[in-house]
$ cat final00.cif   # mmCIF, C-alpha atoms
data_query
#
loop_
_atom_site.label_atom_id
_atom_site.label_comp_id
_atom_site.auth_asym_id
_atom_site.auth_seq_id
_atom_site.Cartn_x
_atom_site.Cartn_y
_atom_site.Cartn_z
CA MET A 131 0.00 0.00 0.00
CA ALA A 132 1.36 3.37 -1.01
CA LEU A 133 2.11 6.21 1.37
CA VAL A 134 -0.50 8.34 -0.42
CA ASP A 135 -3.22 5.78 0.41
CA GLN A 136 -2.18 5.91 4.04
CA ARG A 137 -2.33 9.72 4.09
CA TYR A 138 -5.90 9.80 2.84
CA ALA A 139 -6.80 6.99 5.23
CA GLN A 140 -5.25 8.95 8.10
CA ALA A 141 -7.36 12.00 7.19
CA LEU A 142 -10.50 9.85 7.24
CA PHE A 143 -9.47 8.27 10.52
CA GLU A 144 -8.98 11.67 12.12
CA LEU A 145 -12.48 12.74 11.03
CA VAL A 146 -13.96 9.59 12.56
CA GLU A 147 -11.94 10.05 15.75
CA ALA A 148 -13.15 13.65 15.99
CA GLY A 149 -16.73 12.38 15.78
CA ARG A 150 -17.47 14.13 12.50
CA ILE A 151 -18.79 10.92 10.94
CA ALA A 152 -19.52 7.42 12.22
CA PRO A 153 -17.38 4.64 10.74
CA ALA A 154 -20.53 2.67 9.87
CA ALA A 155 -21.96 5.62 7.92
CA LEU A 156 -18.67 6.13 6.12
CA GLU A 157 -18.47 2.44 5.23
CA ARG A 158 -22.09 2.41 4.02
CA ASP A 159 -21.52 5.51 1.87
CA LEU A 160 -18.30 4.33 0.27
CA ALA A 161 -19.75 0.84 -0.32
CA ALA A 162 -22.83 2.34 -2.02
CA PHE A 163 -20.65 4.60 -4.17
CA THR A 164 -18.34 1.74 -5.13
CA ALA A 165 -21.31 -0.52 -5.93
CA GLU A 166 -22.67 2.15 -8.26
CA LEU A 167 -19.31 2.40 -10.04
CA ASP A 168 -19.17 -1.39 -10.33
CA ALA A 169 -22.71 -1.50 -11.74
CA VAL A 170 -22.04 1.20 -14.34
CA PRO A 171 -18.52 0.79 -15.78
CA ALA A 172 -18.94 3.87 -17.98
CA LEU A 173 -19.52 5.92 -14.83
CA ARG A 174 -16.30 4.61 -13.28
CA GLN A 175 -14.45 5.31 -16.51
CA ALA A 176 -15.74 8.89 -16.62
CA LEU A 177 -14.83 9.58 -12.98
CA GLU A 178 -11.37 8.06 -13.25
CA SER A 179 -10.44 9.54 -16.63
CA PRO A 180 -8.16 12.58 -16.70
CA ALA A 181 -9.79 13.44 -20.06
CA VAL A 182 -13.08 14.29 -18.31
CA PRO A 183 -12.92 17.89 -17.08
CA ALA A 184 -12.82 18.37 -13.32
CA PRO A 185 -16.10 20.36 -13.19
CA ALA A 186 -17.89 17.46 -14.92
CA ARG A 187 -16.47 14.97 -12.40
CA VAL A 188 -17.58 17.23 -9.54
CA SER A 189 -21.10 17.38 -10.98
CA ILE A 190 -21.26 13.61 -11.44
CA ILE A 191 -20.07 12.90 -7.89
CA THR A 192 -22.39 15.53 -6.41
CA LEU A 193 -25.42 14.16 -8.28
CA LEU A 194 -24.56 10.58 -7.43
CA ALA A 195 -23.97 11.45 -3.77
CA GLY A 196 -27.37 13.12 -3.61
CA ARG A 197 -29.11 10.19 -5.28
CA LEU A 198 -27.40 7.71 -2.93
CA GLY A 199 -28.04 9.87 0.14
CA LEU A 200 -24.36 10.11 1.08
CA ASP A 201 -23.24 12.06 4.12
CA PRO A 202 -21.77 15.44 3.05
CA LEU A 203 -18.43 14.44 4.54
CA SER A 204 -18.35 11.25 2.45
CA ARG A 205 -19.22 13.28 -0.64
CA ASN A 206 -16.48 15.79 0.10
CA PHE A 207 -13.96 13.01 0.62
CA LEU A 208 -14.84 11.54 -2.78
CA LEU A 209 -14.51 14.99 -4.33
CA VAL A 210 -11.04 15.40 -2.82
CA LEU A 211 -10.00 12.00 -4.15
CA SER A 212 -11.33 12.94 -7.58
CA HIS A 213 -9.63 16.34 -7.54
CA HIS A 214 -6.27 14.69 -6.82
CA ALA A 215 -6.85 11.86 -9.33
CA ARG A 216 -6.95 9.29 -6.51
CA LEU A 217 -10.46 7.91 -7.04
CA PRO A 218 -9.05 4.71 -8.61
CA ARG A 219 -7.29 4.10 -5.28
CA LEU A 220 -10.47 4.29 -3.18
CA SER A 221 -10.39 0.60 -2.21
CA LEU A 222 -6.74 0.86 -1.14
CA VAL A 223 -7.47 3.97 0.92
CA TRP A 224 -10.36 2.12 2.58
CA GLN A 225 -8.12 -0.85 3.39
CA ALA A 226 -5.57 1.48 4.99
CA PHE A 227 -8.38 3.16 6.96
CA GLU A 228 -9.57 -0.22 8.26
CA GLU A 229 -6.00 -1.04 9.35
CA LEU A 230 -5.84 2.23 11.30
CA GLN A 231 -9.14 1.41 12.99
CA ARG A 232 -7.96 -2.08 13.92
CA ALA A 233 -4.70 -0.72 15.34
CA ALA A 234 -6.59 1.84 17.43
CA GLN A 235 -8.72 -0.98 18.83
CA GLY A 236 -5.73 -3.22 19.55
CA ARG A 237 -6.58 -5.59 16.71
CA VAL A 238 -4.65 -6.83 13.70
CA ARG A 239 -5.87 -8.48 10.49
CA ALA A 240 -4.30 -11.85 9.75
CA VAL A 241 -4.60 -13.70 6.46
CA ILE A 242 -3.80 -17.34 7.10
CA THR A 243 -3.14 -19.58 4.12
CA SER A 244 -3.02 -23.29 4.82
CA ALA A 245 -2.38 -26.34 2.70
CA ARG A 246 -5.71 -27.85 3.77
CA GLU A 247 -8.89 -26.82 5.54
CA LEU A 248 -8.18 -26.27 9.24
CA SER A 249 -10.51 -27.64 11.90
CA GLY A 250 -12.14 -25.28 14.38
CA ALA A 251 -9.76 -26.40 17.12
CA ASP A 252 -6.72 -25.87 14.85
CA ARG A 253 -7.95 -22.39 13.93
CA GLU A 254 -8.49 -21.43 17.57
CA ALA A 255 -5.04 -22.69 18.60
CA LEU A 256 -3.37 -20.91 15.68
CA GLU A 257 -5.22 -17.68 16.37
CA ARG A 258 -4.26 -17.79 20.06
CA ARG A 259 -0.59 -18.31 19.14
CA LEU A 260 -0.59 -15.51 16.55
CA ALA A 261 -2.38 -13.15 18.95
CA ALA A 262 0.29 -13.88 21.55
CA LEU A 263 3.04 -13.17 19.01
CA SER A 264 1.49 -9.89 17.89
CA GLY A 265 0.23 -8.77 21.28
CA ARG A 266 -3.11 -7.84 19.70
CA ARG A 267 -6.49 -9.42 19.09
CA LEU A 268 -6.77 -11.13 15.74
CA ASP A 269 -9.23 -10.61 12.87
CA ALA A 270 -8.42 -13.77 10.95
CA GLY A 271 -9.31 -14.69 7.41
CA TYR A 272 -8.48 -18.07 5.90
CA ARG A 273 -7.47 -19.33 2.48
CA GLN A 274 -6.26 -22.64 1.12
CA ASP A 275 -3.28 -23.31 -1.14
CA PRO A 276 -2.46 -27.00 -1.67
CA GLY A 277 0.88 -25.84 -3.12
CA LEU A 278 2.09 -25.22 0.44
CA LEU A 279 2.15 -29.03 0.83
CA ALA A 280 1.58 -28.77 4.61
CA GLY A 281 1.53 -26.10 7.31
CA PHE A 282 0.51 -22.47 6.91
CA ILE A 283 1.62 -18.94 6.11
CA ALA A 284 0.22 -16.11 8.25
CA ARG A 285 0.39 -12.47 7.09
CA MET A 286 -0.26 -9.80 9.71
CA GLY A 287 0.43 -6.35 8.35
CA ASP A 288 4.06 -6.35 7.20
CA THR A 289 4.92 -9.49 9.17
CA VAL A 290 4.86 -12.93 7.58
CA TYR A 291 5.16 -16.20 9.49
CA ASP A 292 5.97 -19.05 7.11
CA ALA A 293 5.42 -22.43 8.74
CA SER A 294 4.69 -24.22 5.48
CA LEU A 295 6.50 -27.29 4.24
CA ARG A 296 7.20 -25.50 0.96
CA GLY A 297 8.82 -22.63 2.91
CA ARG A 298 10.90 -25.00 5.02
CA LEU A 299 12.12 -26.84 1.92
CA GLU A 300 13.04 -23.53 0.29
CA ARG A 301 15.00 -22.42 3.38
CA LEU A 302 16.80 -25.79 3.43
CA ARG A 303 17.64 -25.45 -0.27
CA ARG A 304 19.13 -21.96 0.29
CA HIS A 305 21.09 -23.21 3.30
CA LEU A 306 22.55 -26.11 1.30
CA GLN A 307 23.51 -23.77 -1.56
CA GLN A 308 25.41 -21.51 0.83
CA ALA A 309 27.27 -24.38 2.49
#

$ encode --input "final00.cif" --output "structure tokens"
Amino acid sequence: MALVDQRYAQALFELVEAGRIAPAALERDLAAFTAELDAVPALRQALESPAVPAPARVSIITLLAGRLGLDPLSRNFLLVLSHHARLPRLSLVWQAFEELQRAAQGRVRAVITSARELSGADREALERRLAALSGRRLDAGYRQDPGLLAGFIARMGDTVYDASLRGRLERLRRHLQQA
């Protein structure tokens, strides 16, 4: 995630922290706006194109915000993104915002990829261990990748824990090459 995404996310986070808008309202507004862009690709293309004059983009966003019933702060945020040609990065800005919220609440998002489906007991044990390592509560999401052969890879922010058989074999291969 780029520094610019984090800056916009930080601005949103500060508005939420100041009580200017509720996170649920912000999420609802941005989800509705994104859904509209997904439903009408020509609309997305017009809003993200530098060939469309800025006043036209402002009019489109303003009309769409009114039709969707967006909070004025959400509308203004979208206008700022559009003005700075950052509207295509809206989903990345939102992801960065969610990370800031999690951090403020002492939580961290973990994406756990395993070679096979993990049982409930295995998931609970793994989540407890990862929470202890990070010192924060875990918001865990799971994926499967049979290419790992066995074990798992956990990604929490910038930290990666590779306990997969594929990873172990790769580390052994590098060690043997250096010897």

$ resolve_selection --input "final00.cif" --expression "the PyMOL selection byres ((chain A and resi 299-309) around 12)" --output "PyMOL selection string"
chain A and resi 278-281+292-298

$ resolve_selection --input "final00.cif" --expression "the PyMOL selection byres ((chain A and resi 195) around 10)" --output "NGL selection string"
:A and (159-160 or 162-163 or 189-194 or 196-202 or 204-206 or 208)

$ atom_distance --input "final00.cif" --atom1 "CA of Ser244 (chain A)" --atom2 "CA of Met286 (chain A)"
14.6 Å

$ resolve_selection --input "final00.cif" --expression "the PyMOL selection byres ((chain A and resi 173-186) around 9)" --output "PyMOL selection string"
chain A and resi 164+166-172+187-191+212-213+215-218

$ closest_residue --input "final00.cif" --among "A:Ala251, A:Ala152, A:Val210, A:Val241" --to "Thr289 (chain A)" --atoms "only C-alpha atoms"
A:Val241

$ atom_distance --input "final00.cif" --atom1 "CA of Ser249 (chain A)" --atom2 "CA of Asp288 (chain A)"
26.2 Å

$ atom_distance --input "final00.cif" --atom1 "CA of Phe207 (chain A)" --atom2 "CA of Ala226 (chain A)"
14.9 Å

$ residues_around --input "final00.cif" --residues "Arg246 (chain A)" --least-positions-apart "4" --cutoff "8 Å" --atoms "all atoms listed in the file" --output "ChimeraX atom specification"
/A:274-276,280

$ closest_residue --input "final00.cif" --among "A:Leu145, A:Ala132, A:Glu157, A:Ile283" --to "Glu228 (chain A)" --atoms "all atoms listed in the file"
A:Glu157

$ residues_around --input "final00.cif" --residues "Arg267 (chain A)" --least-positions-apart "3" --cutoff "9 Å" --atoms "all atoms listed in the file" --output "list of chain:residue names"
A:Gln235, A:Gly236, A:Arg237, A:Val238, A:Arg239, A:Glu257, A:Arg258, A:Leu260, A:Ala261, A:Ala262, A:Ser264

$ build_atoms --input "final00.cif" --residues "region 278-289 of chain A" --atoms "N, CA and C atoms" --output "compact mmCIF listing (two decimals), keeping the file's coordinate frame"
# COMPACT_ATOMS: atom_id res chain seq x y z
N LEU A 278 1.26 -25.34 -0.75
CA LEU A 278 2.09 -25.22 0.44
C LEU A 278 2.54 -26.59 0.94
N LEU A 279 1.88 -27.63 0.47
CA LEU A 279 2.15 -29.03 0.83
C LEU A 279 1.65 -29.36 2.23
N ALA A 280 2.03 -28.59 3.22
CA ALA A 280 1.58 -28.77 4.61
C ALA A 280 1.88 -27.48 5.35
N GLY A 281 1.26 -27.28 6.50
CA GLY A 281 1.53 -26.10 7.31
C GLY A 281 0.71 -24.89 6.89
N PHE A 282 1.24 -23.70 7.19
CA PHE A 282 0.51 -22.47 6.91
C PHE A 282 1.47 -21.30 6.73
N ILE A 283 0.94 -20.23 6.18
CA ILE A 283 1.62 -18.94 6.11
C ILE A 283 0.63 -17.92 6.68
N ALA A 284 1.07 -17.14 7.65
CA ALA A 284 0.22 -16.11 8.25
C ALA A 284 0.81 -14.74 7.93
N ARG A 285 -0.02 -13.85 7.38
CA ARG A 285 0.39 -12.47 7.09
C ARG A 285 -0.39 -11.54 8.00
N MET A 286 0.35 -10.78 8.81
CA MET A 286 -0.26 -9.80 9.71
C MET A 286 0.45 -8.48 9.46
N GLY A 287 -0.21 -7.61 8.71
CA GLY A 287 0.43 -6.35 8.35
C GLY A 287 1.66 -6.64 7.50
N ASP A 288 2.81 -6.14 7.93
CA ASP A 288 4.06 -6.35 7.20
C ASP A 288 4.80 -7.60 7.66
N THR A 289 4.25 -8.32 8.62
CA THR A 289 4.92 -9.49 9.17
C THR A 289 4.36 -10.76 8.55
